>>> print(open('final-v4.cif').read())   # mmCIF, C-alpha atoms
data_input
#
loop_
_atom_site.label_atom_id
_atom_site.label_comp_id
_atom_site.auth_asym_id
_atom_site.auth_seq_id
_atom_site.Cartn_x
_atom_site.Cartn_y
_atom_site.Cartn_z
CA MET B 1 137.31 45.80 115.10
CA GLU B 2 137.87 49.06 116.99
CA SER B 3 136.42 52.05 115.17
CA GLN B 4 138.28 55.31 114.63
CA ARG B 5 135.48 57.08 116.54
CA VAL B 6 136.29 55.08 119.67
CA THR B 7 140.03 55.59 119.29
CA GLU B 8 139.44 59.35 119.07
CA LEU B 9 137.00 59.25 121.98
CA LEU B 10 139.51 57.54 124.25
CA LYS B 11 142.27 60.01 123.42
CA ARG B 12 140.26 62.86 124.90
CA PRO B 13 140.73 64.06 128.49
CA ILE B 14 139.31 62.15 131.43
CA ILE B 15 137.26 64.24 133.85
CA VAL B 16 137.28 62.98 137.45
CA GLY B 17 134.76 64.21 140.02
CA VAL B 18 136.35 64.76 143.44
CA GLY B 19 134.77 65.42 146.81
CA ARG B 20 136.09 66.98 149.99
CA ASP B 21 137.08 63.77 151.73
CA ALA B 22 138.75 60.41 151.24
CA ARG B 23 135.62 58.69 149.86
CA THR B 24 136.62 59.66 146.32
CA ASP B 25 140.32 58.77 146.66
CA HIS B 26 139.75 55.51 144.80
CA VAL B 27 138.20 57.31 141.81
CA VAL B 28 141.24 59.63 141.78
CA ARG B 29 143.48 56.55 141.62
CA LEU B 30 141.31 55.05 138.86
CA GLY B 31 141.52 58.28 136.86
CA LEU B 32 145.29 58.35 137.20
CA ALA B 33 145.58 54.66 136.19
CA LEU B 34 143.36 55.15 133.13
CA GLY B 35 145.16 58.34 132.17
CA LYS B 36 148.48 56.52 132.29
CA ARG B 37 147.26 53.42 130.41
CA LEU B 38 145.45 55.40 127.72
CA ASP B 39 148.03 58.22 127.63
CA VAL B 40 145.46 60.99 128.05
CA PRO B 41 145.27 64.07 130.30
CA VAL B 42 143.31 63.77 133.55
CA GLU B 43 141.42 66.71 135.02
CA PHE B 44 139.82 66.84 138.46
CA VAL B 45 136.59 68.77 138.97
CA HIS B 46 134.86 69.81 142.17
CA GLY B 47 131.50 71.55 142.12
CA LEU B 48 130.76 73.86 145.03
CA ARG B 49 127.33 74.82 146.14
CA MET B 50 127.14 78.50 147.07
CA THR B 51 127.44 77.68 150.79
CA ASP B 52 130.86 76.01 150.20
CA VAL B 53 132.51 78.84 148.24
CA LYS B 54 134.69 80.08 151.12
CA LEU B 55 136.56 76.78 151.52
CA PRO B 56 140.22 76.81 150.43
CA VAL B 57 141.29 74.43 147.66
CA GLU B 58 143.42 72.42 150.13
CA LYS B 59 140.29 71.79 152.23
CA ILE B 60 138.34 70.69 149.14
CA LEU B 61 140.97 68.22 148.02
CA GLY B 62 142.02 66.96 151.45
CA THR B 63 143.77 63.62 151.06
CA HIS B 64 143.66 63.81 147.25
CA LEU B 65 146.74 66.07 147.28
CA ASP B 66 148.83 63.25 148.76
CA THR B 67 147.44 60.75 146.24
CA LEU B 68 148.20 63.07 143.34
CA SER B 69 151.71 63.95 144.44
CA LYS B 70 152.78 60.39 145.28
CA GLU B 71 151.25 58.36 142.47
CA THR B 72 151.78 60.21 139.23
CA LYS B 73 153.69 62.69 137.21
CA LEU B 74 150.88 62.93 134.64
CA SER B 75 149.63 66.33 133.60
CA ARG B 76 146.73 67.06 135.91
CA GLN B 77 144.55 70.02 136.70
CA LEU B 78 141.97 70.89 139.33
CA HIS B 79 138.92 72.92 138.35
CA VAL B 80 136.65 74.27 141.07
CA MET B 81 133.33 75.69 139.94
CA SER B 82 130.60 77.45 141.88
CA ALA B 83 127.81 75.12 140.75
CA SER B 84 126.26 71.81 141.67
CA PRO B 85 128.72 68.91 141.26
CA GLY B 86 126.70 67.38 138.41
CA TYR B 87 126.56 70.64 136.47
CA ALA B 88 130.28 71.33 137.07
CA LEU B 89 131.29 67.89 135.72
CA VAL B 90 129.07 68.06 132.62
CA HIS B 91 130.11 71.66 131.93
CA ARG B 92 133.83 70.81 132.14
CA ALA B 93 133.39 67.65 130.04
CA LYS B 94 131.70 69.70 127.30
CA ALA B 95 134.31 72.48 127.50
CA ARG B 96 137.21 69.99 127.16
CA ASP B 97 135.47 67.62 124.72
CA ALA B 98 136.17 64.85 127.24
CA GLY B 99 136.05 61.18 126.38
CA LEU B 100 135.13 59.92 129.85
CA ILE B 101 133.75 61.18 133.17
CA LEU B 102 134.62 59.21 136.32
CA LEU B 103 132.39 59.40 139.38
CA GLY B 104 132.87 58.03 142.87
CA PRO B 105 130.60 58.07 145.91
CA HIS B 106 129.70 61.11 147.98
CA ARG B 107 128.00 59.16 150.73
CA ARG B 108 126.59 55.68 151.37
CA ARG B 109 123.32 55.15 149.50
CA GLY B 110 120.90 52.37 148.73
CA LEU B 111 121.67 49.82 146.03
CA MET B 112 119.93 51.66 143.19
CA ASP B 113 120.18 55.23 144.55
CA LEU B 114 123.01 56.93 142.70
CA GLY B 115 122.39 60.40 144.11
CA ARG B 116 121.76 63.79 142.55
CA SER B 117 125.22 64.34 141.04
CA ALA B 118 125.41 60.94 139.35
CA ARG B 119 121.85 61.27 138.00
CA ALA B 120 122.65 64.70 136.56
CA VAL B 121 125.85 63.47 134.93
CA LEU B 122 124.24 60.30 133.52
CA THR B 123 121.38 62.38 132.11
CA HIS B 124 123.43 65.16 130.50
CA ALA B 125 126.93 63.79 129.89
CA PRO B 126 128.37 64.41 126.42
CA CYS B 127 130.60 61.34 126.73
CA ALA B 128 130.97 57.95 128.41
CA VAL B 129 130.48 57.81 132.20
CA TRP B 130 132.13 55.34 134.61
CA VAL B 131 130.56 55.17 138.09
CA GLN B 132 132.94 53.57 140.63
CA PRO B 133 131.22 53.50 144.05
CA GLU B 134 133.74 51.12 145.64
CA PRO B 135 137.54 50.98 145.69
CA PHE B 136 138.96 50.14 142.28
CA LEU B 137 140.54 46.75 141.62
CA GLU B 138 142.10 46.14 138.24
CA PRO B 139 139.49 44.19 136.25
CA LYS B 140 140.09 40.63 135.12
CA ARG B 141 136.92 40.76 133.02
CA LEU B 142 134.48 43.36 131.77
CA ILE B 143 130.79 42.55 131.38
CA VAL B 144 129.03 44.71 128.81
CA PRO B 145 125.25 44.74 128.35
CA VAL B 146 124.25 44.57 124.68
CA ASP B 147 120.91 46.08 123.69
CA LEU B 148 121.33 46.30 119.89
CA SER B 149 121.31 50.12 119.93
CA GLU B 150 123.89 52.54 118.51
CA GLU B 151 124.84 53.51 122.06
CA GLY B 152 125.22 49.81 122.86
CA ARG B 153 127.64 49.45 119.95
CA LEU B 154 129.67 52.35 121.30
CA ALA B 155 129.70 50.72 124.76
CA ILE B 156 131.10 47.53 123.22
CA ASP B 157 133.77 49.48 121.33
CA VAL B 158 134.82 51.38 124.47
CA ALA B 159 134.85 48.14 126.48
CA VAL B 160 137.17 46.54 123.90
CA VAL B 161 139.66 49.38 124.33
CA LEU B 162 139.43 49.24 128.14
CA ALA B 163 139.77 45.45 128.18
CA ARG B 164 142.93 45.76 126.11
CA ALA B 165 144.29 48.50 128.40
CA PHE B 166 143.83 46.29 131.48
CA GLY B 167 144.49 42.92 129.82
CA ALA B 168 140.98 41.83 130.84
CA LYS B 169 138.55 39.38 129.22
CA LEU B 170 135.41 40.82 127.67
CA HIS B 171 131.97 39.23 128.16
CA LEU B 172 128.84 40.43 126.34
CA MET B 173 125.46 40.06 128.04
CA PRO B 174 122.13 40.44 126.20
CA ALA B 175 120.14 43.24 127.80
CA PHE B 176 117.03 43.84 125.76
CA ILE B 177 113.38 42.89 125.77
CA PRO B 178 112.46 40.59 122.87
CA PRO B 179 109.91 42.06 120.45
CA GLY B 180 106.22 41.45 121.16
CA PHE B 181 105.81 38.90 118.38
CA ALA B 182 108.17 36.55 120.26
CA TYR B 183 105.43 36.03 122.84
CA ALA B 184 102.77 34.99 120.30
CA ALA B 185 103.46 31.28 120.78
CA ILE B 186 103.07 31.42 124.55
#
>>> encode(input="final-v4.cif", output="structure tokens")
Amino acid sequence: MESQRVTELLKRPIIVGVGRDARTDHVVRLGLALGKRLDVPVEFVHGLRMTDVKLPVEKILGTHLDTLSKETKLSRQLHVMSASPGYALVHRAKARDAGLILLGPHRRRGLMDLGRSARAVLTHAPCAVWVQPEPFLEPKRLIVPVDLSEEGRLAIDVAVVLARAFGAKLHLMPAFIPPGFAYAAI
């Protein structure tokens, strides 16, 4: 059964990290879709390194402006901060008591290389984080790793809410190392 903690968590704003080009358009669309399905505000955040400060907002958002104007009438805001992208996202999520941070790609990386921004957000985020490196397709099923921790329980609760929002099936997958005594018979 869905806990009140999760219900409250998913009624908080969604923070979406945006870049300067079309590579993060799909995460903008995902943020808008989740905001609409969960009926929560969506905020877009762009962190600027000091060398980027002179760029106008239109240059930062690029194609995102078209996506935002065509696809939604949801309340939305853009926050530009003179800081690293990871710091800007975590800072805004804390300031708004966000329930979810959405991240997309900044550039093509290796399979397990998430990049500096994603590592910073995953390390310091005050809320759930969804990393979407590829274009978003509405899920038919959600696979949730279960590790028997308190955080794992929260992941299951959040996945239940998201599965309901998308009408998707939920699959749980054990993701823990058995205790040492389990190996005694080997």
>>> resolve_selection(input="final-v4.cif", expression="the PyMOL selection byres ((chain B and resi 175) around 8)", output="VMD selection string")
chain B and resid 145 to 147 173 to 174 176 to 177
>>> residues_around(input="final-v4.cif", residues="His91 (chain B)", least_positions_apart="3", cutoff="12 Å", atoms="all atoms listed in the file", output="NGL selection string")
:B and (15 or 17 or 45-47 or 79-88 or 94-98 or 101 or 120-121 or 124-127)
>>> atom_distance(input="final-v4.cif", atom1="CA of Lys36 (chain B)", atom2="CA of Arg116 (chain B)")
29.5 Å
>>> closest_residue(input="final-v4.cif", among="B:Val42, B:His171, B:Ala163, B:Ala155", to="Val129 (chain B)", atoms="all atoms listed in the file")
B:Ala155
>>> atom_distance(input="final-v4.cif", atom1="CA of Leu78 (chain B)", atom2="CA of Glu43 (chain B)")
6.0 Å
>>> closest_residue(input="final-v4.cif", among="B:Ala159, B:Leu103, B:Ala165, B:Val131", to="Phe44 (chain B)", atoms="all atoms listed in the file")
B:Leu103
>>> atom_distance(input="final-v4.cif", atom1="CA of Leu102 (chain B)", atom2="CA of Asp25 (chain B)")
11.8 Å
